[in-house]
Structure formats: structure tokens, C-alpha cells
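Participant: Got a file for you: coords27.cif, mmCIF, C-alpha atoms.
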data_data
#
loop_
_atom_site.label_atom_id
_atom_site.label_comp_id
_atom_site.auth_asym_id
_atom_site.auth_seq_id
_atom_site.Cartn_x
_atom_site.Cartn_y
_atom_site.Cartn_z
CA MET A 210 0.00 0.00 0.00
CA ASP A 211 1.52 3.30 -1.13
CA ARG A 212 -0.04 5.67 1.41
CA ALA A 213 1.47 8.86 0.00
CA ALA A 214 0.51 8.15 -3.59
CA LEU A 215 -2.96 6.97 -2.53
CA ALA A 216 -3.55 10.15 -0.53
CA ALA A 217 -2.35 12.39 -3.37
CA PHE A 218 -4.48 10.59 -5.93
CA LEU A 219 -7.64 10.80 -3.80
CA ARG A 220 -7.07 14.48 -3.10
CA THR A 221 -6.52 15.45 -6.74
CA ARG A 222 -9.53 13.43 -7.94
CA ARG A 223 -11.70 15.00 -5.23
CA GLU A 224 -10.55 18.52 -6.09
CA ALA A 225 -11.26 17.90 -9.78
CA LEU A 226 -14.97 17.38 -9.09
CA GLN A 227 -17.49 20.18 -8.67
CA PRO A 228 -20.62 19.79 -6.49
CA GLU A 229 -22.90 19.85 -9.53
CA ASP A 230 -20.91 16.93 -11.01
CA VAL A 231 -22.29 14.67 -8.28
CA GLY A 232 -25.77 16.15 -7.93
CA LEU A 233 -24.99 18.57 -5.09
CA THR A 234 -25.97 22.25 -4.93
CA PRO A 235 -22.86 24.47 -4.99
CA SER A 236 -22.35 26.84 -2.07
CA PRO A 237 -21.48 30.49 -2.77
CA ARG A 238 -19.10 30.47 0.21
CA ARG A 239 -16.99 27.60 -1.06
CA ARG A 240 -13.31 28.61 -0.75
CA THR A 241 -11.51 25.42 -1.75
CA PRO A 242 -11.58 23.77 -5.18
CA GLY A 243 -13.67 20.69 -5.80
CA LEU A 244 -15.60 18.66 -3.28
CA ARG A 245 -15.05 18.77 0.45
CA ARG A 246 -13.91 15.64 2.25
CA GLU A 247 -17.15 15.45 4.18
CA GLU A 248 -19.14 15.56 0.93
CA VAL A 249 -17.20 12.63 -0.50
CA ALA A 250 -17.70 10.72 2.76
CA VAL A 251 -21.47 11.29 2.75
CA LEU A 252 -21.80 10.29 -0.91
CA ALA A 253 -19.72 7.16 -0.27
CA GLY A 254 -21.65 6.22 2.88
CA MET A 255 -18.64 6.31 5.22
CA SER A 256 -17.51 8.47 8.11
CA THR A 257 -15.73 11.73 7.36
CA ASP A 258 -12.94 10.74 9.76
CA TYR A 259 -12.31 7.48 7.90
CA TYR A 260 -12.07 9.19 4.52
CA ALA A 261 -9.93 12.04 5.93
CA ARG A 262 -7.44 9.56 7.32
CA LEU A 263 -7.00 8.03 3.86
CA GLU A 264 -6.05 11.45 2.48
CA GLN A 265 -3.79 12.09 5.47
CA GLN A 266 -1.76 8.88 4.98
CA ARG A 267 -2.80 7.45 8.32
CA GLY A 268 -5.78 5.24 7.59
CA PRO A 269 -5.91 1.43 7.55
CA GLN A 270 -5.69 -0.44 4.27
CA PRO A 271 -9.12 -0.02 2.69
CA SER A 272 -10.96 -3.10 1.46
CA LEU A 273 -11.80 -3.65 -2.19
CA SER A 274 -15.46 -2.89 -1.52
CA VAL A 275 -14.54 0.47 0.05
CA LEU A 276 -12.26 1.30 -2.88
CA LEU A 277 -14.98 0.50 -5.41
CA THR A 278 -17.39 2.75 -3.53
CA VAL A 279 -14.86 5.59 -3.45
CA ALA A 280 -14.10 5.09 -7.15
CA ARG A 281 -17.79 5.36 -8.00
CA THR A 282 -18.20 8.43 -5.77
CA LEU A 283 -15.23 10.20 -7.39
CA ARG A 284 -16.49 9.27 -10.88
CA LEU A 285 -13.25 7.49 -11.75
CA SER A 286 -12.73 5.87 -15.13
CA LEU A 287 -11.89 2.16 -15.26
CA ASP A 288 -8.18 2.96 -15.61
CA GLU A 289 -8.33 5.33 -12.64
CA ARG A 290 -10.28 2.78 -10.60
CA ASP A 291 -7.69 0.07 -11.21
CA HIS A 292 -4.90 2.53 -10.37
CA LEU A 293 -6.61 3.34 -7.07
CA ILE A 294 -6.89 -0.35 -6.24
CA ARG A 295 -3.18 -0.92 -6.93
CA LEU A 296 -2.16 2.08 -4.83
CA ALA A 297 -4.09 0.56 -1.92
CA GLY A 298 -2.13 -2.69 -2.21
CA HIS A 299 -4.73 -4.83 -3.98
CA LEU A 300 -4.85 -6.39 -7.44
CA PRO A 301 -7.72 -5.23 -9.65
CA ALA A 302 -9.88 -7.94 -11.17
CA PRO A 303 -9.28 -8.72 -14.85
CA ARG A 304 -11.28 -6.47 -17.14
CA SER A 305 -14.41 -7.99 -18.59
CA HIS A 306 -17.33 -6.87 -20.70
CA ARG A 307 -19.50 -6.78 -17.58
CA THR A 308 -18.54 -4.71 -14.57
CA ASP A 309 -20.18 -3.14 -11.53
CA HIS A 310 -18.25 0.04 -12.23
CA VAL A 311 -20.90 2.39 -13.62
CA ALA A 312 -19.99 4.07 -16.89
CA PRO A 313 -19.02 7.67 -15.93
CA ALA A 314 -21.12 9.15 -18.76
CA LEU A 315 -24.27 7.41 -17.47
CA LEU A 316 -23.48 8.40 -13.89
CA ARG A 317 -23.11 12.06 -14.85
CA VAL A 318 -26.57 12.03 -16.40
CA LEU A 319 -28.02 10.24 -13.36
CA ASP A 320 -26.54 12.89 -11.05
CA ARG A 321 -28.50 15.60 -12.84
CA LEU A 322 -31.89 13.91 -12.60
CA ASP A 323 -32.96 15.45 -9.30
CA ASP A 324 -36.74 15.01 -9.59
CA THR A 325 -37.00 12.15 -12.09
CA PRO A 326 -36.80 8.45 -11.11
CA ALA A 327 -33.82 6.79 -12.80
CA VAL A 328 -31.64 3.70 -12.44
CA VAL A 329 -28.53 2.28 -14.10
CA ILE A 330 -28.72 -1.44 -14.88
CA SER A 331 -26.41 -4.03 -16.38
CA ASP A 332 -27.37 -6.13 -19.40
CA LEU A 333 -28.15 -8.92 -16.90
CA GLY A 334 -30.73 -6.75 -15.15
CA GLU A 335 -28.55 -5.89 -12.13
CA THR A 336 -29.17 -2.44 -10.66
CA LEU A 337 -25.82 -0.63 -10.39
CA ALA A 338 -27.03 2.82 -9.27
CA GLN A 339 -30.30 4.55 -8.34
CA ASN A 340 -31.25 8.12 -7.58
CA ARG A 341 -33.71 9.05 -4.80
CA GLY A 342 -36.64 8.94 -7.19
CA GLY A 343 -35.62 5.52 -8.43
CA VAL A 344 -35.57 4.17 -4.87
CA ALA A 345 -38.95 5.79 -4.10
CA LEU A 346 -40.55 4.28 -7.21
CA LEU A 347 -38.89 0.85 -7.32
CA GLY A 348 -37.47 0.28 -3.85
CA ASP A 349 -33.83 -0.33 -2.97
CA GLN A 350 -32.74 -2.65 -5.75
CA MET A 351 -29.07 -2.60 -4.75
CA GLN A 352 -29.59 -4.59 -1.55
CA HIS A 353 -29.60 -7.98 -3.28
CA GLU A 354 -26.66 -10.36 -3.57
CA GLY A 355 -25.69 -13.21 -5.87
CA PRO A 356 -28.11 -14.15 -8.68
CA ARG A 357 -30.87 -12.20 -6.90
CA ARG A 358 -29.18 -9.01 -8.06
CA SER A 359 -30.67 -9.74 -11.48
CA ALA A 360 -34.24 -8.60 -12.09
CA PHE A 361 -34.51 -11.52 -14.51
CA PHE A 362 -33.80 -13.92 -11.65
CA ARG A 363 -36.13 -12.15 -9.21
CA TRP A 364 -38.99 -12.15 -11.71
CA PHE A 365 -39.22 -15.94 -11.52
CA THR A 366 -38.35 -16.37 -7.82
CA ASP A 367 -39.54 -13.31 -5.86
CA PRO A 368 -43.27 -12.49 -5.50
CA ALA A 369 -42.34 -8.90 -4.58
CA GLU A 370 -40.75 -8.42 -8.00
CA ARG A 371 -43.86 -9.67 -9.79
CA ALA A 372 -46.03 -7.39 -7.67
CA ARG A 373 -44.37 -4.40 -9.37
CA TYR A 374 -46.45 -5.16 -12.48
CA PRO A 375 -50.22 -5.63 -12.87
CA GLU A 376 -51.19 -9.29 -12.96
CA ARG A 377 -52.62 -8.80 -16.44
CA ASP A 378 -49.08 -8.13 -17.69
CA HIS A 379 -47.37 -11.11 -16.05
CA ALA A 380 -47.50 -13.49 -19.01
CA HIS A 381 -46.06 -10.85 -21.30
CA GLN A 382 -43.35 -10.02 -18.76
CA THR A 383 -42.34 -13.67 -18.52
CA THR A 384 -41.83 -13.84 -22.28
CA MET A 385 -40.00 -10.54 -22.39
CA GLN A 386 -37.73 -11.25 -19.43
CA THR A 387 -36.68 -14.62 -20.85
CA ALA A 388 -36.03 -13.26 -24.34
CA ASN A 389 -34.01 -10.35 -22.95
CA LEU A 390 -31.88 -12.62 -20.78
CA ARG A 391 -31.03 -14.88 -23.71
CA ALA A 392 -30.24 -11.83 -25.88
CA ALA A 393 -27.94 -10.41 -23.17
CA ILE A 394 -26.01 -13.67 -22.94
CA SER A 395 -25.83 -13.99 -26.72
CA SER A 396 -24.52 -10.42 -27.08
CA GLY A 397 -22.36 -10.06 -23.97
CA GLY A 398 -21.19 -13.64 -23.70
CA GLU A 399 -21.62 -16.31 -21.07
CA ASP A 400 -19.73 -15.81 -17.82
CA GLU A 401 -19.94 -16.91 -14.20
CA ARG A 402 -22.68 -14.39 -13.41
CA SER A 403 -24.92 -15.30 -16.32
CA ARG A 404 -24.44 -19.03 -15.70
CA ALA A 405 -25.45 -18.63 -12.05
CA ILE A 406 -28.65 -16.85 -13.10
CA VAL A 407 -29.67 -19.40 -15.73
CA GLU A 408 -28.67 -22.48 -13.74
CA GLY A 409 -30.45 -21.19 -10.64
CA LEU A 410 -33.63 -20.48 -12.57
CA LEU A 411 -33.58 -23.84 -14.35
CA GLU A 412 -33.34 -25.49 -10.94
CA HIS A 413 -35.94 -23.45 -9.07
CA SER A 414 -38.55 -22.29 -11.59
CA ALA A 415 -40.73 -24.51 -13.73
CA GLU A 416 -42.15 -21.38 -15.37
CA PHE A 417 -38.66 -20.35 -16.46
CA ARG A 418 -37.86 -23.83 -17.76
CA ARG A 419 -40.94 -23.71 -20.01
CA ALA A 420 -40.18 -20.21 -21.26
CA TRP A 421 -36.46 -20.92 -21.73
CA ALA A 422 -37.26 -23.99 -23.84
CA GLU A 423 -39.06 -21.75 -26.36
CA GLN A 424 -35.66 -20.35 -27.41
CA GLN A 425 -36.91 -16.78 -27.83
CA VAL A 426 -34.13 -14.23 -28.11
CA ALA A 427 -34.67 -10.48 -28.56
CA TYR A 428 -33.98 -7.19 -26.85
CA ARG A 429 -37.50 -6.12 -25.99
CA HIS A 430 -37.76 -2.75 -24.37
CA GLU A 431 -41.13 -1.21 -23.61
CA SER A 432 -41.07 2.55 -23.88
CA ARG A 433 -44.36 2.69 -21.97
CA LYS A 434 -45.28 0.46 -19.06
CA THR A 435 -47.47 0.29 -15.98
CA LEU A 436 -45.78 -0.15 -12.60
CA VAL A 437 -47.56 -0.89 -9.34
CA HIS A 438 -46.43 1.08 -6.30
CA PRO A 439 -47.47 -0.48 -2.95
CA GLU A 440 -48.90 2.81 -1.64
CA LEU A 441 -49.76 4.83 -4.73
CA GLY A 442 -51.13 2.04 -6.92
CA GLU A 443 -50.66 1.88 -10.68
CA VAL A 444 -48.29 4.40 -12.25
CA GLU A 445 -48.11 4.66 -16.04
CA VAL A 446 -44.62 5.71 -17.08
CA ASP A 447 -42.58 6.27 -20.19
CA CYS A 448 -39.24 4.50 -19.83
CA GLN A 449 -36.38 5.94 -21.89
CA LYS A 450 -33.13 3.99 -22.19
CA LEU A 451 -29.64 5.39 -22.71
CA ARG A 452 -26.99 2.71 -23.30
CA SER A 453 -23.28 2.79 -22.56
CA GLU A 454 -20.88 2.62 -25.47
CA ASN A 455 -20.26 -1.13 -25.06
CA LEU A 456 -23.99 -1.86 -24.48
CA ALA A 457 -23.21 -3.56 -21.14
CA GLN A 458 -25.09 -0.91 -19.10
CA ALA A 459 -28.13 1.30 -19.57
CA LEU A 460 -29.66 4.29 -17.82
CA LEU A 461 -33.45 4.00 -17.47
CA VAL A 462 -35.39 7.24 -16.93
CA PHE A 463 -39.04 7.13 -15.86
CA THR A 464 -41.41 9.99 -16.73
CA ALA A 465 -45.18 10.40 -17.04
CA THR A 466 -47.48 12.38 -19.30
CA PRO A 467 -47.74 15.95 -17.94
CA GLY A 468 -51.01 16.61 -16.15
CA SER A 469 -51.87 12.93 -15.79
CA PRO A 470 -52.61 11.18 -12.47
CA SER A 471 -49.34 9.28 -12.90
CA ALA A 472 -47.41 12.54 -13.26
CA GLU A 473 -48.91 13.71 -9.97
CA LYS A 474 -47.83 10.45 -8.32
CA LEU A 475 -44.27 10.90 -9.56
CA ARG A 476 -44.31 14.48 -8.30
CA LEU A 477 -45.40 13.23 -4.88
CA LEU A 478 -42.57 10.69 -4.87
CA ALA A 479 -40.08 13.43 -5.75
CA VAL A 480 -41.28 15.67 -2.93
CA LEU A 481 -41.55 13.08 -0.17
CA GLY A 482 -38.66 10.90 -1.31
CA PRO A 483 -37.72 7.28 -0.68
CA GLU A 484 -37.92 7.58 3.11
CA ARG A 485 -41.71 7.84 2.92
CA PHE A 486 -42.70 5.91 -0.17
CA ALA A 487 -39.96 3.40 -0.93
CA PRO A 488 -41.46 -0.09 -1.38
CA ALA A 489 -40.40 -2.52 1.33
#
Would you put the structure from the file into C-alpha cells?

Facilitator:
Amino acid sequence: MDRAALAAFLRTRREALQPEDVGLTPSPRRRTPGLRREEVAVLAGMSTDYYARLEQQRGPQPSLSVLLTVARTLRLSLDERDHLIRLAGHLPAPRSHRTDHVAPALLRVLDRLDDTPAVVISDLGETLAQNRGGVALLGDQMQHEGPRRSAFFRWFTDPAERARYPERDHAHQTTMQTANLRAAISSGGEDERSRAIVEGLLEHSAEFRRAWAEQQVAYRHESRKTLVHPELGEVEVDCQKLRSENLAQALLVFTATPGSPSAEKLRLLAVLGPERFAPA
């Protein structure tokens, strides 16, 4: 672990960011360049003292999970992320088509969507980032581990996931989810994560086995869909998708027709936030 180089790298990356780059409101009294240490700590979900000690060359060796969180908070590129990991005395994982490191371009757009629900997902349906509106509308989708991180997997194994859609749409969703999963594996390749999803579903879901046997493969994206919120009921939304350059990630933005009941529900979610209306 190169404490001096690690501290210098964290400081320069922090000072290169402006508050608006990470969705914060700039203060007119700000005297130092870039973000403050306490702002980075809050965004990363760690104590200010812990982060400060890293920049002061006196902290413990951070774990890989901490480094990945800091890299995402500081909007590091993949090369910068791997450099950070090496400075901290770890070996970065081999690069692959799929990664939990959110594409910086998608993250910059997400940061600017203050009052619009949005999420970043992988091609395997894993939620990689959510804004406050996304949590309020869809619940905390980043709490899952293993194959359950994939919405494809949860659709066939978790009643709570199916409850997000009206029952009248379930058959269509089953077809679409299966076709999308096969298309993602065909396009992005088979790896340990995709195998765990498919093998787990083949073992635990007869519905998936039937749908998988139909061999349907297609990227099917509905620009308009109906979601069911546990407190606000049905919400009709337009879902716009912005893909990363390598097609491994996508930013989903949810809006509603102005003046409609669904638009009013989204406005209520934006005002009250995930603390009040996030699905359990």
C-alpha cells in the first residue's frame, strides 16, 4: 500500500470534481476547489474521519469494496479505478465486458436527474445505481446479492418483484424477461454471473424452464409500461433507455405524461422521497 501516492491521488480526484458533477448544490461560500472531504464521505456512505485519514496517509488499508465505492463516488474511469486499487495494495480484477463500475457518462446524467426516477442497470438486469426517485418508485434494488441481483432472476423467484407489475401483464413479462436474458447472454457472452442466473432459474422455476425452452431471443424494451407502487397504486410511465458505449449498461429514466394522475404520483414521490414511499 503506497499511502502517500494513494492520498495524493484521492485528493486530486476530489478537487477535480465540482458539487454539480455529483448532484450537489454548490455553495457560494466555497473557498476550496472541488468537493469537500465530508461531501465525499457522505456520498460514499462512510464516516468523514475514515475518509480524511486516507487522504492524510494514516488510515488502515481499505478493502476492495470500500475502494470500489470511493471510485464510484469520485467518478473514476476504469483505468483510474484500477490505479486506485493498486495504490491501496490490492490487485484489480481482470477487465471484462460486464462490470459493476458504472460508466461515468451514465453516472453524470443520473446525477442531474434530481426530480426524475432513474436507475442504471447491467445487461443482466442488475441495478448498479439509483437516484432518490428511483428508490422511491422501485425500492432499494441494490440490496440484493448473488443471482438475486438480477431482475430476470427475481422475476421468476420473488413475489415482490412480480407485484411491481399488474397481474394482467405477467405473461407478457415472462416472455420478455426470458427473451431479454437470452439476448444479453448472446450479445455479452456467457460468464460466471450469467451461468449462475440461468442455472439457478432452471433449478428453481418450472415457469422459467418452459419459457427458456421456447428459445426466444430479442432485446424487448417497452417505452411505456405500468408499474404498481405499494402505496400509490398503478403508475403509467414512459421509460427511456440510454446505453453505454459497449452496451453492457443502460440508464433508465421514468417519466409520465404531464397533467396525468401518474405525473402527480411521480411528483409526490419526488417531494416526499424514498424515506416515505420506498417499497419494502

Participant: Excluding region 408-422 of chain A and any residue of its chain fewer than 2 positions from it, enumerate the residues within 10 Å of it, using all atoms listed in the file, and give them as a list in words.

Facilitator: Pro356, Arg357, Phe361, Phe362, Arg363, Trp364, Phe365, Thr366, Thr383, Thr384, Met385, Gln386, Thr387, Ala388, Leu390, Arg391, Ser403, Arg404, Ala405, Ile406, Gln424, Gln425 and Val426 of chain A

Participant: Kindly save the residues from that selection, with C-alpha atoms included, as a short mmCIF file (atom, residue, chain, number, x, y, z; two decimals), in the coordinates of the input.

Facilitator:
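So selection-v7.cif came out as:
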data_model
loop_
_atom_site.label_atom_id
_atom_site.label_comp_id
_atom_site.auth_asym_id
_atom_site.auth_seq_id
_atom_site.Cartn_x
_atom_site.Cartn_y
_atom_site.Cartn_z
CA PRO A 356 -28.11 -14.15 -8.68
CA ARG A 357 -30.87 -12.20 -6.90
CA PHE A 361 -34.51 -11.52 -14.51
CA PHE A 362 -33.80 -13.92 -11.65
CA ARG A 363 -36.13 -12.15 -9.21
CA TRP A 364 -38.99 -12.15 -11.71
CA PHE A 365 -39.22 -15.94 -11.52
CA THR A 366 -38.35 -16.37 -7.82
CA THR A 383 -42.34 -13.67 -18.52
CA THR A 384 -41.83 -13.84 -22.28
CA MET A 385 -40.00 -10.54 -22.39
CA GLN A 386 -37.73 -11.25 -19.43
CA THR A 387 -36.68 -14.62 -20.85
CA ALA A 388 -36.03 -13.26 -24.34
CA LEU A 390 -31.88 -12.62 -20.78
CA ARG A 391 -31.03 -14.88 -23.71
CA SER A 403 -24.92 -15.30 -16.32
CA ARG A 404 -24.44 -19.03 -15.70
CA ALA A 405 -25.45 -18.63 -12.05
CA ILE A 406 -28.65 -16.85 -13.10
CA GLN A 424 -35.66 -20.35 -27.41
CA GLN A 425 -36.91 -16.78 -27.83
CA VAL A 426 -34.13 -14.23 -28.11
#

Participant: Using only C-alpha atoms, which of A:Ile294, A:Leu233, A:Ala250, A:Ala216 sits nearest Gln266 (chain A)?

Facilitator: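 Looking at the shortest contact to Gln266 (chain A), the residue is A:Ala216.
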
Participant: Please produce, as a tab-separated table, a per-residue contact table for region 369-466 of chain A versus region 297-321 of chain A (criterion: any atom at most 8 Å away, only C-alpha atoms considered), showing the nearest atom pair and its distance in Å to one decimal, sorted by chain then residue number.

Facilitator:
residue	atom	partner	partner_atom	distance
A:Gly397	CA	A:His306	CA	6.8
A:Leu451	CA	A:Leu315	CA	7.8
A:Arg452	CA	A:Leu315	CA	8.0
A:Ser453	CA	A:Ala312	CA	6.7
A:Asn455	CA	A:His306	CA	7.8
A:Ala457	CA	A:Arg307	CA	6.1
A:Gln458	CA	A:Ala312	CA	7.5
A:Ala459	CA	A:Leu315	CA	7.5
A:Leu460	CA	A:Leu315	CA	6.2

Participant: With all atoms listed in the file as the counted atoms, please give the residues lying no more than 6 Å from region 225-231 of chain A, apart from itself and same-chain residues fewer than 2 positions off, as a list of chain:residue names.

Facilitator: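 Returned residues: A:Arg222, A:Arg223, A:Leu233, A:Pro235, A:Gly243, A:Leu244, A:Asp320.
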
Participant: If we count only C-alpha atoms, what is near region 343-350 of chain A at a cut-off of 10 Å, once residues fewer than 6 positions away on the same chain are taken out, given as a short mmCIF file (atom, residue, chain, number, x, y, z; two decimals) with C-alpha atoms, in the frame of the given file?

Facilitator:
data_model
loop_
_atom_site.label_atom_id
_atom_site.label_comp_id
_atom_site.auth_asym_id
_atom_site.auth_seq_id
_atom_site.Cartn_x
_atom_site.Cartn_y
_atom_site.Cartn_z
CA ASP A 324 -36.74 15.01 -9.59
CA THR A 325 -37.00 12.15 -12.09
CA PRO A 326 -36.80 8.45 -11.11
CA ALA A 327 -33.82 6.79 -12.80
CA VAL A 328 -31.64 3.70 -12.44
CA VAL A 329 -28.53 2.28 -14.10
CA GLU A 335 -28.55 -5.89 -12.13
CA THR A 336 -29.17 -2.44 -10.66
CA LEU A 337 -25.82 -0.63 -10.39
CA ARG A 357 -30.87 -12.20 -6.90
CA ARG A 358 -29.18 -9.01 -8.06
CA SER A 359 -30.67 -9.74 -11.48
CA ALA A 360 -34.24 -8.60 -12.09
CA GLU A 370 -40.75 -8.42 -8.00
CA ARG A 373 -44.37 -4.40 -9.37
CA LEU A 436 -45.78 -0.15 -12.60
CA VAL A 437 -47.56 -0.89 -9.34
CA HIS A 438 -46.43 1.08 -6.30
CA PRO A 439 -47.47 -0.48 -2.95
CA LEU A 441 -49.76 4.83 -4.73
CA VAL A 444 -48.29 4.40 -12.25
CA LEU A 461 -33.45 4.00 -17.47
CA VAL A 462 -35.39 7.24 -16.93
CA PHE A 463 -39.04 7.13 -15.86
CA LYS A 474 -47.83 10.45 -8.32
CA LEU A 475 -44.27 10.90 -9.56
CA LEU A 477 -45.40 13.23 -4.88
CA LEU A 478 -42.57 10.69 -4.87
CA ALA A 479 -40.08 13.43 -5.75
CA LEU A 481 -41.55 13.08 -0.17
CA GLY A 482 -38.66 10.90 -1.31
CA PRO A 483 -37.72 7.28 -0.68
CA GLU A 484 -37.92 7.58 3.11
CA ARG A 485 -41.71 7.84 2.92
CA PHE A 486 -42.70 5.91 -0.17
CA ALA A 487 -39.96 3.40 -0.93
CA PRO A 488 -41.46 -0.09 -1.38
CA ALA A 489 -40.40 -2.52 1.33
#

Participant: Please list as a VMD selection string every residue within 9 Å of Ala261 (chain A), counting all atoms listed in the file and excluding residues in the same chain fewer than 5 positions away.

Facilitator: chain A and resid 246 to 247 250 256 266 to 268

Participant: Selection from above, C-alpha atoms, as a PDB file, in the frame of the given file, can you write it?

Facilitator:
ATOM      1  CA  ARG A 246     -13.910  15.640   2.250  1.00  0.00           C
ATOM      2  CA  GLU A 247     -17.150  15.450   4.180  1.00  0.00           C
ATOM      3  CA  ALA A 250     -17.700  10.720   2.760  1.00  0.00           C
ATOM      4  CA  SER A 256     -17.510   8.470   8.110  1.00  0.00           C
ATOM      5  CA  GLN A 266      -1.760   8.880   4.980  1.00  0.00           C
ATOM      6  CA  ARG A 267      -2.800   7.450   8.320  1.00  0.00           C
ATOM      7  CA  GLY A 268      -5.780   5.240   7.590  1.00  0.00           C
TER       8      GLY A 268
END

Participant: Closest to Pro269 (chain A) among A:Arg371, A:Arg212, A:Arg377, A:His430, using all atoms listed in the file?

Facilitator: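 Checking each candidate against Pro269 (chain A), we get A:Arg212 as the closest.
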
Participant: To one decimal place in Å, what is the distance between CA of Arg220 (chain A) and CA of Ala338 (chain A)?

Facilitator: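 Result for CA of Arg220 (chain A) versus CA of Ala338 (chain A): 23.9 Å, one decimal.
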
Participant: I'd like to know which of A:Arg295, A:Glu224, A:Asp288, A:Asp323 is closest to Arg476 (chain A), using all atoms listed in the file.

Facilitator: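 Going through A:Arg295, A:Glu224, A:Asp288, A:Asp323 one by one, the smallest distance to Arg476 (chain A) is for A:Asp323.
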
Participant: How many Å separate CA of Leu322 (chain A) from CA of Gln339 (chain A)?

Facilitator: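 Rounded to one decimal, the two atoms are 10.4 Å apart.
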
Participant: Selection in question (the file shown): the PyMOL selection byres ((chain A and resi 433) around 7). Which residues does it include, as a PyMOL selection string?

Facilitator: chain A and resi 431-432+434+446-448
